[in-house]
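Asker: Handing over final.pdb, PDB, C-alpha atoms.
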```
ATOM      1  CA  MET T1398      39.958  34.769 -55.165
ATOM      2  CA  ARG T1399      40.928  35.023 -51.551
ATOM      3  CA  ASN T1400      38.640  33.849 -48.759
ATOM      4  CA  VAL T1401      36.310  36.584 -47.568
ATOM      5  CA  VAL T1402      35.181  36.838 -43.959
ATOM      6  CA  ALA T1403      32.313  38.900 -42.603
ATOM      7  CA  LEU T1404      31.580  39.747 -38.979
ATOM      8  CA  VAL T1405      28.095  39.136 -37.619
ATOM      9  CA  VAL T1406      27.227  39.904 -34.000
ATOM     10  CA  MET T1407      24.377  37.666 -32.878
ATOM     11  CA  LEU T1408      21.425  39.322 -31.164
ATOM     12  CA  ALA T1409      20.421  36.252 -29.181
ATOM     13  CA  PRO T1410      22.423  33.364 -27.677
ATOM     14  CA  LEU T1411      22.767  30.205 -29.709
ATOM     15  CA  VAL T1412      21.707  26.917 -28.159
ATOM     16  CA  LEU T1413      24.400  24.310 -27.712
ATOM     17  CA  ALA T1414      23.622  20.822 -28.921
ATOM     18  CA  THR T1415      22.622  18.573 -26.048
ATOM     19  CA  ALA T1416      23.854  15.419 -27.741
ATOM     20  CA  ASP T1417      27.199  14.556 -29.218
ATOM     21  CA  ALA T1418      27.431  15.103 -32.959
ATOM     22  CA  GLN T1419      28.040  11.384 -33.429
ATOM     23  CA  ASP T1420      24.571  10.653 -32.026
ATOM     24  CA  ALA T1421      22.719  13.002 -34.371
ATOM     25  CA  VAL T1422      19.979  11.607 -36.605
ATOM     26  CA  ASP T1423      21.261  10.758 -40.076
ATOM     27  CA  PRO T1424      20.061  13.359 -42.592
ATOM     28  CA  ALA T1425      17.997  12.086 -45.504
ATOM     29  CA  PRO T1426      20.149  12.204 -48.640
ATOM     30  CA  VAL T1427      19.184  14.636 -51.377
ATOM     31  CA  GLY T1428      19.823  14.561 -55.089
ATOM     32  CA  LEU T1429      22.840  16.255 -56.626
ATOM     33  CA  ALA T1430      20.839  18.975 -58.389
ATOM     34  CA  GLU T1431      19.021  19.928 -55.187
ATOM     35  CA  ALA T1432      22.253  19.911 -53.198
ATOM     36  CA  ARG T1433      24.168  22.030 -55.713
ATOM     37  CA  SER T1434      21.407  24.633 -55.802
ATOM     38  CA  ALA T1435      21.782  25.078 -52.027
ATOM     39  CA  LEU T1436      25.584  24.971 -51.807
ATOM     40  CA  PRO T1437      27.228  28.075 -50.352
ATOM     41  CA  ASP T1438      30.228  29.770 -51.932
ATOM     42  CA  HIS T1439      33.161  27.864 -50.447
ATOM     43  CA  ARG T1440      35.326  31.005 -50.655
ATOM     44  CA  ARG T1441      33.098  33.108 -48.420
ATOM     45  CA  TYR T1442      32.324  32.668 -44.740
ATOM     46  CA  GLN T1443      31.326  34.674 -41.710
ATOM     47  CA  VAL T1444      32.220  34.692 -38.025
ATOM     48  CA  ASP T1445      29.129  34.928 -35.816
ATOM     49  CA  LEU T1446      29.924  36.249 -32.345
ATOM     50  CA  LEU T1447      27.534  35.677 -29.472
ATOM     51  CA  PRO T1448      26.460  38.622 -27.274
ATOM     52  CA  ASN T1449      29.360  39.892 -25.167
ATOM     53  CA  ASP T1450      30.623  42.980 -23.370
ATOM     54  CA  MET T1451      33.451  43.735 -25.803
ATOM     55  CA  SER T1452      33.697  46.998 -27.696
ATOM     56  CA  ALA T1453      33.027  47.084 -31.430
ATOM     57  CA  ASP T1454      36.779  47.256 -32.113
ATOM     58  CA  GLN T1455      37.450  44.280 -29.833
ATOM     59  CA  GLN T1456      34.729  42.276 -31.557
ATOM     60  CA  THR T1457      36.212  43.040 -34.953
ATOM     61  CA  GLN T1458      39.684  42.023 -33.745
ATOM     62  CA  LEU T1459      38.326  38.768 -32.312
ATOM     63  CA  ALA T1460      36.438  37.938 -35.495
ATOM     64  CA  THR T1461      39.545  38.653 -37.565
ATOM     65  CA  MET T1462      41.661  36.471 -35.272
ATOM     66  CA  ILE T1463      39.184  33.608 -35.618
ATOM     67  CA  GLY T1464      39.000  34.017 -39.382
ATOM     68  CA  ASP T1465      42.782  34.100 -39.760
ATOM     69  CA  ALA T1466      43.187  30.987 -37.608
ATOM     70  CA  ALA T1467      40.700  29.095 -39.761
ATOM     71  CA  ALA T1468      41.773  30.488 -43.136
ATOM     72  CA  GLY T1469      42.633  27.094 -44.632
ATOM     73  CA  GLN T1470      39.565  25.250 -43.358
ATOM     74  CA  HIS T1471      36.808  27.514 -42.145
ATOM     75  CA  PHE T1472      33.177  26.449 -42.077
ATOM     76  CA  TYR T1473      31.887  24.886 -40.065
ATOM     77  CA  GLY T1474      33.752  26.029 -36.958
ATOM     78  CA  ALA T1475      33.261  27.015 -33.331
ATOM     79  CA  VAL T1476      35.281  28.857 -30.704
ATOM     80  CA  VAL T1477      34.971  28.184 -26.973
ATOM     81  CA  SER T1478      36.737  30.067 -24.188
ATOM     82  CA  TYR T1479      37.386  29.729 -20.463
ATOM     83  CA  ARG T1480      39.117  31.822 -17.810
ATOM     84  CA  PRO T1481      41.859  30.096 -15.762
ATOM     85  CA  ALA T1482      41.262  30.248 -12.012
ATOM     86  CA  ALA T1483      44.767  31.665 -11.527
ATOM     87  CA  GLY T1484      43.918  34.624 -13.735
ATOM     88  CA  GLY T1485      45.783  35.770 -16.782
ATOM     89  CA  THR T1486      44.821  35.446 -20.417
ATOM     90  CA  THR T1487      41.533  33.875 -21.454
ATOM     91  CA  GLU T1488      42.099  30.513 -23.126
ATOM     92  CA  TYR T1489      40.455  29.687 -26.464
ATOM     93  CA  LYS T1490      39.755  26.375 -28.184
ATOM     94  CA  MET T1491      38.644  26.195 -31.794
ATOM     95  CA  ARG T1492      37.506  23.523 -34.206
ATOM     96  CA  SER T1493      36.999  24.301 -37.881
ATOM     97  CA  GLY T1494      36.550  22.615 -41.231
ATOM     98  CA  LEU T1495      33.805  20.287 -39.979
ATOM     99  CA  HIS T1496      30.566  19.399 -41.716
ATOM    100  CA  SER T1497      28.004  20.944 -39.360
ATOM    101  CA  ARG T1498      27.538  23.556 -36.650
ATOM    102  CA  ASP T1499      26.741  20.830 -34.113
ATOM    103  CA  ALA T1500      29.947  18.915 -34.867
ATOM    104  CA  ALA T1501      32.055  22.066 -34.564
ATOM    105  CA  LYS T1502      30.449  23.120 -31.286
ATOM    106  CA  ALA T1503      30.709  19.634 -29.784
ATOM    107  CA  GLY T1504      34.366  19.332 -30.804
ATOM    108  CA  ALA T1505      35.412  22.748 -29.502
ATOM    109  CA  MET T1506      33.556  22.200 -26.250
ATOM    110  CA  ALA T1507      35.201  18.783 -25.775
ATOM    111  CA  ASP T1508      38.650  20.320 -26.360
ATOM    112  CA  CYS T1509      37.908  23.045 -23.820
ATOM    113  CA  GLU T1510      36.653  20.633 -21.173
ATOM    114  CA  ALA T1511      39.748  18.475 -21.650
ATOM    115  CA  ALA T1512      42.057  21.478 -21.211
ATOM    116  CA  ARG T1513      40.570  23.343 -18.268
ATOM    117  CA  ALA T1514      41.165  22.492 -14.599
ATOM    118  CA  ALA T1515      38.280  21.768 -12.267
ATOM    119  CA  ASP T1516      38.490  25.215 -10.662
ATOM    120  CA  ASP T1517      38.815  27.129 -13.929
ATOM    121  CA  GLY T1518      35.900  29.063 -15.352
ATOM    122  CA  ALA T1519      33.248  27.266 -17.362
ATOM    123  CA  CYS T1520      33.677  26.647 -21.067
ATOM    124  CA  THR T1521      31.570  29.106 -23.032
ATOM    125  CA  LEU T1522      30.738  29.194 -26.716
ATOM    126  CA  ILE T1523      31.720  32.628 -28.023
ATOM    127  CA  GLY T1524      31.487  32.296 -31.781
ATOM    128  CA  GLU T1525      30.847  30.175 -34.851
ATOM    129  CA  ILE T1526      32.235  30.037 -38.370
ATOM    130  CA  VAL T1527      29.529  29.410 -40.965
ATOM    131  CA  PRO T1528      29.090  29.958 -44.703
ATOM    132  CA  GLU T1529      28.273  33.546 -45.578
ATOM    133  CA  GLY T1530      24.489  33.918 -45.543
ATOM    134  CA  TRP T1531      24.102  30.598 -43.737
ATOM    135  CA  SER T1532      20.665  28.973 -43.719
ATOM    136  CA  ALA T1533      19.389  25.621 -42.493
ATOM    137  CA  ASP T1534      18.727  24.594 -46.107
ATOM    138  CA  MET T1535      22.434  24.359 -46.884
ATOM    139  CA  PRO T1536      23.856  20.806 -47.053
ATOM    140  CA  GLU T1537      25.898  19.804 -44.006
ATOM    141  CA  LEU T1538      29.274  19.828 -45.718
ATOM    142  CA  SER T1539      32.566  21.459 -44.830
ATOM    143  CA  HIS T1540      34.321  24.174 -46.813
ATOM    144  CA  LEU T1541      36.629  21.608 -48.446
ATOM    145  CA  ALA T1542      33.774  19.223 -49.279
ATOM    146  CA  VAL T1543      31.755  22.057 -50.825
ATOM    147  CA  GLN T1544      34.795  23.113 -52.845
ATOM    148  CA  ALA T1545      35.382  19.573 -54.105
ATOM    149  CA  LEU T1546      31.730  19.118 -55.003
ATOM    150  CA  THR T1547      31.515  22.502 -56.714
ATOM    151  CA  GLU T1548      34.633  21.953 -58.800
ATOM    152  CA  THR T1549      34.242  18.292 -59.757
ATOM    153  CA  ALA T1550      30.643  17.090 -59.531
ATOM    154  CA  ALA T1551      29.586  18.452 -62.922
ATOM    155  CA  ASP T1552      32.274  16.349 -64.607
ATOM    156  CA  LEU T1553      31.509  13.103 -62.777
ATOM    157  CA  PRO T1554      29.649  10.488 -64.853
ATOM    158  CA  GLY T1555      26.629   8.608 -63.581
ATOM    159  CA  ASN T1556      25.154   8.642 -60.106
ATOM    160  CA  VAL T1557      27.031  10.931 -57.680
ATOM    161  CA  VAL T1558      27.180   9.931 -54.009
ATOM    162  CA  VAL T1559      28.702  11.971 -51.184
ATOM    163  CA  ALA T1560      29.395  10.615 -47.701
ATOM    164  CA  ARG T1561      30.745  12.635 -44.810
ATOM    165  CA  SER T1562      31.769  12.089 -41.204
ATOM    166  CA  ARG T1563      29.394  13.421 -38.573
ATOM    167  CA  ALA T1564      32.080  14.282 -35.993
ATOM    168  CA  GLY T1565      35.231  14.569 -38.119
ATOM    169  CA  ASP T1566      36.232  16.334 -41.324
ATOM    170  CA  GLY T1567      36.418  13.313 -43.632
ATOM    171  CA  PHE T1568      34.315  12.913 -46.769
ATOM    172  CA  GLU T1569      34.159  10.815 -49.924
ATOM    173  CA  ILE T1570      32.731  11.640 -53.361
ATOM    174  CA  ARG T1571      32.197   8.875 -55.922
ATOM    175  CA  SER T1572      30.179   8.353 -59.070
ATOM    176  CA  GLY T1573      28.938   5.425 -61.098
ATOM    177  CA  ASP T1574      26.556   2.525 -60.691
ATOM    178  CA  ASP T1575      26.102   0.918 -57.269
ATOM    179  CA  VAL T1576      28.695   3.127 -55.541
ATOM    180  CA  ARG T1577      26.632   3.995 -52.468
ATOM    181  CA  GLN T1578      28.109   1.312 -50.189
ATOM    182  CA  ALA T1579      31.627   1.776 -51.557
ATOM    183  CA  THR T1580      31.423   5.513 -50.847
ATOM    184  CA  LEU T1581      30.268   4.922 -47.291
ATOM    185  CA  THR T1582      32.915   2.245 -46.710
ATOM    186  CA  ALA T1583      35.731   4.467 -47.998
ATOM    187  CA  CYS T1584      34.614   7.369 -45.814
ATOM    188  CA  ASN T1585      34.516   5.171 -42.716
ATOM    189  CA  ALA T1586      37.886   3.607 -43.566
ATOM    190  CA  ALA T1587      39.468   7.069 -43.669
ATOM    191  CA  ASN T1588      37.930   7.792 -40.272
ATOM    192  CA  VAL T1589      39.506   4.655 -38.819
ATOM    193  CA  VAL T1590      42.923   5.700 -40.129
ATOM    194  CA  ALA T1591      42.423   9.085 -38.453
ATOM    195  CA  GLY T1592      41.497   7.412 -35.161
ATOM    196  CA  LEU T1593      37.838   8.397 -35.410
ATOM    197  CA  PRO T1594      34.685   6.276 -35.148
ATOM    198  CA  GLU T1595      32.969   4.915 -38.242
ATOM    199  CA  ASP T1596      30.260   7.578 -38.234
ATOM    200  CA  CYS T1597      29.913   8.471 -41.913
ATOM    201  CA  ASP T1598      26.543   8.837 -43.573
ATOM    202  CA  ILE T1599      25.295   9.572 -47.078
ATOM    203  CA  VAL T1600      24.182  13.178 -47.547
ATOM    204  CA  ILE T1601      23.962  13.319 -51.346
ATOM    205  CA  ASP T1602      22.765  10.526 -53.606
ATOM    206  CA  ASP T1603      21.869  11.542 -57.136
ATOM    207  CA  LEU T1604      19.304   8.755 -57.313
ATOM    208  CA  ALA T1605      17.427  10.386 -54.434
ATOM    209  CA  GLY T1606      16.492  13.248 -56.714
ATOM    210  CA  ARG T1607      15.143  11.077 -59.542
TER     211      ARG T1607
END
```
Rewrite the structure of this file - the entire thing - as structure tokens.
Answerer:
Amino acid sequence: MRNVVALVVMLAPLVLATADAQDAVDPAPVGLAEARSALPDHRRYQVDLLPNDMSADQQTQLATMIGDAAAGQHFYGAVVSYRPAAGGTTEYKMRSGLHSRDAAKAGAMADCEAARAADDGACTLIGEIVPEGWSADMPELSHLAVQALTETAADLPGNVVVARSRAGDGFEIRSGDDVRQATLTACNAANVVAGLPEDCDIVIDDLAGR
């Protein structure tokens, strides 16, 4: 089945995270059964646009553009824009395929701030990519992590542990006895290879649900 994208126009502005995603409080791990019951469909996502002065057709075109750009790795994502002082086309920066809304927003905003000149317009969050029907009860896992967990977790023997990066897109899934530390270590090691900080935490631990 192909990925399916829906357009949602937000009725109220979203609040940007005030702290970097790396500084967020570690979530308490949940058991595998609880996590799987709350997992979204990894094939379906929606683009939430913040209030703007675009026409309905323009909003649909923008949402489609965002969805197409993130087709391989969609939720969680964010799009930030700024207007160059010299005029011309609005510039966009997007991050996608991350494990949380906060990480996506922080990453896209950092990319925008790094790209714009001091006299350019301010960086503004214009949209987010989230699982279709997103709710705060969903585990903070990217599209690819949800897909991996959905397709493999039922066949994994023993205790299942999932670690994921707070700021990046890395994750690790392992099963067996006493694999918690090994899962965390492997996730952090992959971050180091990617030039990212060791910021992984455990979000699913089957023992937590027993």
Asker: List every protein, DNA or RNA residue with an atom no more than 8 Å from (30.6, 31.7, -34.2) in the file's coordinates, counting only C-alpha atoms, and format the result as a list in words.
Answerer: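 Residues satisfying the cut-off, written out: Val1444, Asp1445, Leu1446, Leu1447, Gly1474, Ala1475, Val1476, Leu1522, Ile1523, Gly1524, Glu1525, Ile1526 and Val1527 of chain T.
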Asker: Tell me, in Å to one decimal, how far CA of Leu1581 in chain T is from CA of Ala1432 in chain T.
Answerer: 18.0 Å
Asker: Would you mind telling me which residue in T:Gly1565, T:Gly1573, T:Pro1528, T:Gly1464 lies nearest to Asp1598 in chain T when using all atoms listed in the file?
Answerer: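 Among the listed residues, T:Gly1565 lies closest to Asp1598 in chain T.
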Asker: Do you know which residues are at most 10 Å from Arg1492 in chain T counting all atoms listed in the file, after dropping those on the same chain fewer than 3 positions away, and could you put them as a list in words?
Answerer: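 The contact residues come out as Ala1466, Ala1467, Gln1470, His1471, Phe1472, Tyr1473, Gly1474, Ala1475, Val1476, Val1477, Leu1495, Ala1500, Ala1501, Lys1502, Ala1503, Gly1504, Ala1505, Met1506, Ala1507, Asp1508, Glu1525 and Ile1526 of chain T.
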Asker: Next, write the just-selected residues to a file, as an mmCIF file, in the frame of the given file, keeping C-alpha atoms as the atom set.
Answerer:
```cif
data_model
loop_
_atom_site.group_PDB
_atom_site.id
_atom_site.type_symbol
_atom_site.label_atom_id
_atom_site.label_comp_id
_atom_site.auth_asym_id
_atom_site.auth_seq_id
_atom_site.Cartn_x
_atom_site.Cartn_y
_atom_site.Cartn_z
ATOM 1 C CA ALA T 1466 43.187 30.987 -37.608
ATOM 2 C CA ALA T 1467 40.700 29.095 -39.761
ATOM 3 C CA GLN T 1470 39.565 25.250 -43.358
ATOM 4 C CA HIS T 1471 36.808 27.514 -42.145
ATOM 5 C CA PHE T 1472 33.177 26.449 -42.077
ATOM 6 C CA TYR T 1473 31.887 24.886 -40.065
ATOM 7 C CA GLY T 1474 33.752 26.029 -36.958
ATOM 8 C CA ALA T 1475 33.261 27.015 -33.331
ATOM 9 C CA VAL T 1476 35.281 28.857 -30.704
ATOM 10 C CA VAL T 1477 34.971 28.184 -26.973
ATOM 11 C CA LEU T 1495 33.805 20.287 -39.979
ATOM 12 C CA ALA T 1500 29.947 18.915 -34.867
ATOM 13 C CA ALA T 1501 32.055 22.066 -34.564
ATOM 14 C CA LYS T 1502 30.449 23.120 -31.286
ATOM 15 C CA ALA T 1503 30.709 19.634 -29.784
ATOM 16 C CA GLY T 1504 34.366 19.332 -30.804
ATOM 17 C CA ALA T 1505 35.412 22.748 -29.502
ATOM 18 C CA MET T 1506 33.556 22.200 -26.250
ATOM 19 C CA ALA T 1507 35.201 18.783 -25.775
ATOM 20 C CA ASP T 1508 38.650 20.320 -26.360
ATOM 21 C CA GLU T 1525 30.847 30.175 -34.851
ATOM 22 C CA ILE T 1526 32.235 30.037 -38.370
#
```
Asker: For a test of reading the model, state the distance in Å between CA of Leu1546 in chain T and CA of Asn1588 in chain T, rounded to one decimal.
Answerer: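 These atoms are spaced 19.6 Å apart.
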Asker: Using all atoms listed in the file, collect all residues at a distance of at most 9 Å from (33.5, 12.0, -43.2) as written in the file, then present them as an mmCIF file with C-alpha atoms, keeping the file's coordinate frame.
Answerer:
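Once written, point_6.cif looks like this:
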```cif
data_model
loop_
_atom_site.group_PDB
_atom_site.id
_atom_site.type_symbol
_atom_site.label_atom_id
_atom_site.label_comp_id
_atom_site.auth_asym_id
_atom_site.auth_seq_id
_atom_site.Cartn_x
_atom_site.Cartn_y
_atom_site.Cartn_z
ATOM 1 C CA LEU T 1495 33.805 20.287 -39.979
ATOM 2 C CA HIS T 1496 30.566 19.399 -41.716
ATOM 3 C CA ALA T 1560 29.395 10.615 -47.701
ATOM 4 C CA ARG T 1561 30.745 12.635 -44.810
ATOM 5 C CA SER T 1562 31.769 12.089 -41.204
ATOM 6 C CA ARG T 1563 29.394 13.421 -38.573
ATOM 7 C CA ALA T 1564 32.080 14.282 -35.993
ATOM 8 C CA GLY T 1565 35.231 14.569 -38.119
ATOM 9 C CA ASP T 1566 36.232 16.334 -41.324
ATOM 10 C CA GLY T 1567 36.418 13.313 -43.632
ATOM 11 C CA PHE T 1568 34.315 12.913 -46.769
ATOM 12 C CA GLU T 1569 34.159 10.815 -49.924
ATOM 13 C CA LEU T 1581 30.268 4.922 -47.291
ATOM 14 C CA CYS T 1584 34.614 7.369 -45.814
ATOM 15 C CA ASN T 1585 34.516 5.171 -42.716
ATOM 16 C CA ALA T 1587 39.468 7.069 -43.669
ATOM 17 C CA ASN T 1588 37.930 7.792 -40.272
ATOM 18 C CA GLU T 1595 32.969 4.915 -38.242
ATOM 19 C CA ASP T 1596 30.260 7.578 -38.234
ATOM 20 C CA CYS T 1597 29.913 8.471 -41.913
ATOM 21 C CA ASP T 1598 26.543 8.837 -43.573
#
```
Asker: Mind pulling up the distance from CA of Ala1545 in chain T to CA of Gln1578 in chain T?
Answerer: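 Between these atoms lies a distance of 20.0 Å.
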Asker: Kindly indicate which residue among T:Asp1438, T:Asp1603, T:Asp1534, T:Glu1529 lies nearest to Pro1554 in chain T, using only C-alpha atoms for the distances.
Answerer: T:Asp1603
Asker: Using only C-alpha atoms, which of the listed residues (T:Ala1482, T:Met1451, T:Ser1497, T:Thr1580) sits closest to Leu1538 in chain T?
Answerer: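 Once distances to Leu1538 in chain T are computed over only C-alpha atoms, the minimum belongs to T:Ser1497.
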Asker: Choose the residue, out of T:Ile1570, T:Gln1455, T:Asp1552, T:Met1535, that has the smallest atom-to-atom separation from Glu1431 in chain T; count only C-alpha atoms.
Answerer: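 Selected residue with least distance to Glu1431 in chain T: T:Met1535.
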Asker: Can you pull out the residues contacting Gly1518 in chain T? Cut-off 12 Å, using all atoms listed in the file, and skip same-chain residues under 4 positions away; I want them as a list in words.
Answerer: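 The residues that qualify are Val1477, Ser1478, Tyr1479, Arg1480, Pro1481, Ala1482, Ala1483, Gly1484, Thr1487, Glu1488, Cys1509, Glu1510, Ala1512, Arg1513 and Ala1514 of chain T.
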Asker: Check the smallest atom-to-atom distance from each of T:Val1557, T:Val1576, T:Ala1551, T:Val1543 to Val1427 in chain T using all atoms listed in the file, then report the winner.
Answerer: T:Val1557
Asker: With all atoms listed in the file as the basis for distance, which of T:Arg1498, T:Leu1429, T:Ile1463, T:Lys1490 is at the shortest distance from Thr1521 in chain T?
Answerer: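 Closest to Thr1521 in chain T, using all atoms listed in the file: T:Lys1490.
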Asker: Taking every listed atom of range 1481-1500 of chain T and adding 4 Å to each side, what centre and edge lengths in Å (one decimal) does the axis-aligned box have, as AutoDock Vina command-line options?
Answerer:
```
--center_x 36.3 --center_y 27.3 --center_z -26.6 --size_x 27.0 --size_y 24.9 --size_z 38.2
```
Asker: Please write C-alpha atoms of range 1499-1565 of chain T, from the structure given just now, as a PDB file, in the first residue's frame.
Answerer:
```pdb
ATOM      1  CA  ASP T1499       9.718  18.517  19.362  1.00  0.00           C
ATOM      2  CA  ALA T1500      12.767  16.969  17.682  1.00  0.00           C
ATOM      3  CA  ALA T1501      11.423  17.768  14.214  1.00  0.00           C
ATOM      4  CA  LYS T1502      10.577  21.363  15.103  1.00  0.00           C
ATOM      5  CA  ALA T1503      13.918  21.957  16.824  1.00  0.00           C
ATOM      6  CA  GLY T1504      15.835  20.483  13.882  1.00  0.00           C
ATOM      7  CA  ALA T1505      13.976  22.430  11.197  1.00  0.00           C
ATOM      8  CA  MET T1506      14.282  25.649  13.162  1.00  0.00           C
ATOM      9  CA  ALA T1507      18.034  25.111  13.647  1.00  0.00           C
ATOM     10  CA  ASP T1508      18.472  24.517   9.899  1.00  0.00           C
ATOM     11  CA  CYS T1509      16.543  27.697   9.131  1.00  0.00           C
ATOM     12  CA  GLU T1510      18.513  29.822  11.581  1.00  0.00           C
ATOM     13  CA  ALA T1511      21.771  28.498  10.134  1.00  0.00           C
ATOM     14  CA  ALA T1512      20.689  29.369   6.583  1.00  0.00           C
ATOM     15  CA  ARG T1513      19.164  32.821   6.921  1.00  0.00           C
ATOM     16  CA  ALA T1514      21.124  36.090   7.006  1.00  0.00           C
ATOM     17  CA  ALA T1515      20.784  38.499   9.900  1.00  0.00           C
ATOM     18  CA  ASP T1516      18.535  40.840   7.910  1.00  0.00           C
ATOM     19  CA  ASP T1517      16.312  38.104   6.490  1.00  0.00           C
ATOM     20  CA  GLY T1518      12.834  37.522   7.842  1.00  0.00           C
ATOM     21  CA  ALA T1519      12.351  35.460  10.975  1.00  0.00           C
ATOM     22  CA  CYS T1520      12.111  31.690  10.825  1.00  0.00           C
ATOM     23  CA  THR T1521       8.498  30.617  11.196  1.00  0.00           C
ATOM     24  CA  LEU T1522       7.024  27.179  11.723  1.00  0.00           C
ATOM     25  CA  ILE T1523       4.435  26.619   8.993  1.00  0.00           C
ATOM     26  CA  GLY T1524       3.599  22.941   9.242  1.00  0.00           C
ATOM     27  CA  GLU T1525       4.169  19.551  10.826  1.00  0.00           C
ATOM     28  CA  ILE T1526       4.098  15.964   9.617  1.00  0.00           C
ATOM     29  CA  VAL T1527       2.491  13.621  12.141  1.00  0.00           C
ATOM     30  CA  PRO T1528       0.840  10.194  12.087  1.00  0.00           C
ATOM     31  CA  GLU T1529      -2.714  10.294  10.800  1.00  0.00           C
ATOM     32  CA  GLY T1530      -5.014  10.848  13.777  1.00  0.00           C
ATOM     33  CA  TRP T1531      -2.070  11.848  15.961  1.00  0.00           C
ATOM     34  CA  SER T1532      -2.579  11.872  19.730  1.00  0.00           C
ATOM     35  CA  ALA T1533      -0.234  12.407  22.658  1.00  0.00           C
ATOM     36  CA  ASP T1534      -0.700   8.752  23.649  1.00  0.00           C
ATOM     37  CA  MET T1535       1.255   7.523  20.636  1.00  0.00           C
ATOM     38  CA  PRO T1536       4.831   6.355  21.362  1.00  0.00           C
ATOM     39  CA  GLU T1537       7.518   8.825  20.292  1.00  0.00           C
ATOM     40  CA  LEU T1538       8.843   6.794  17.387  1.00  0.00           C
ATOM     41  CA  SER T1539       9.506   7.661  13.768  1.00  0.00           C
ATOM     42  CA  HIS T1540       7.731   6.191  10.757  1.00  0.00           C
ATOM     43  CA  LEU T1541      10.599   3.744  10.153  1.00  0.00           C
ATOM     44  CA  ALA T1542      10.790   2.701  13.815  1.00  0.00           C
ATOM     45  CA  VAL T1543       7.030   2.111  13.924  1.00  0.00           C
ATOM     46  CA  GLN T1544       7.264   0.066  10.730  1.00  0.00           C
ATOM     47  CA  ALA T1545      10.102  -2.056  12.112  1.00  0.00           C
ATOM     48  CA  LEU T1546       8.297  -2.613  15.396  1.00  0.00           C
ATOM     49  CA  THR T1547       5.007  -3.437  13.686  1.00  0.00           C
ATOM     50  CA  GLU T1548       6.560  -5.936  11.293  1.00  0.00           C
ATOM     51  CA  THR T1549       9.056  -7.682  13.573  1.00  0.00           C
ATOM     52  CA  ALA T1550       8.174  -7.338  17.254  1.00  0.00           C
ATOM     53  CA  ALA T1551       5.630 -10.166  17.290  1.00  0.00           C
ATOM     54  CA  ASP T1552       8.313 -12.597  16.115  1.00  0.00           C
ATOM     55  CA  LEU T1553      11.001 -11.513  18.578  1.00  0.00           C
ATOM     56  CA  PRO T1554      11.581 -13.924  21.488  1.00  0.00           C
ATOM     57  CA  GLY T1555      11.827 -12.797  25.085  1.00  0.00           C
ATOM     58  CA  ASN T1556      11.923  -9.268  26.423  1.00  0.00           C
ATOM     59  CA  VAL T1557      11.706  -6.599  23.688  1.00  0.00           C
ATOM     60  CA  VAL T1558      13.550  -3.312  24.228  1.00  0.00           C
ATOM     61  CA  VAL T1559      13.449  -0.276  21.940  1.00  0.00           C
ATOM     62  CA  ALA T1560      15.819   2.683  22.210  1.00  0.00           C
ATOM     63  CA  ARG T1561      15.661   5.797  20.079  1.00  0.00           C
ATOM     64  CA  SER T1562      17.585   9.030  19.636  1.00  0.00           C
ATOM     65  CA  ARG T1563      15.937  12.155  20.998  1.00  0.00           C
ATOM     66  CA  ALA T1564      17.341  14.541  18.363  1.00  0.00           C
ATOM     67  CA  GLY T1565      18.227  12.199  15.489  1.00  0.00           C
TER      68      GLY T1565
END
```
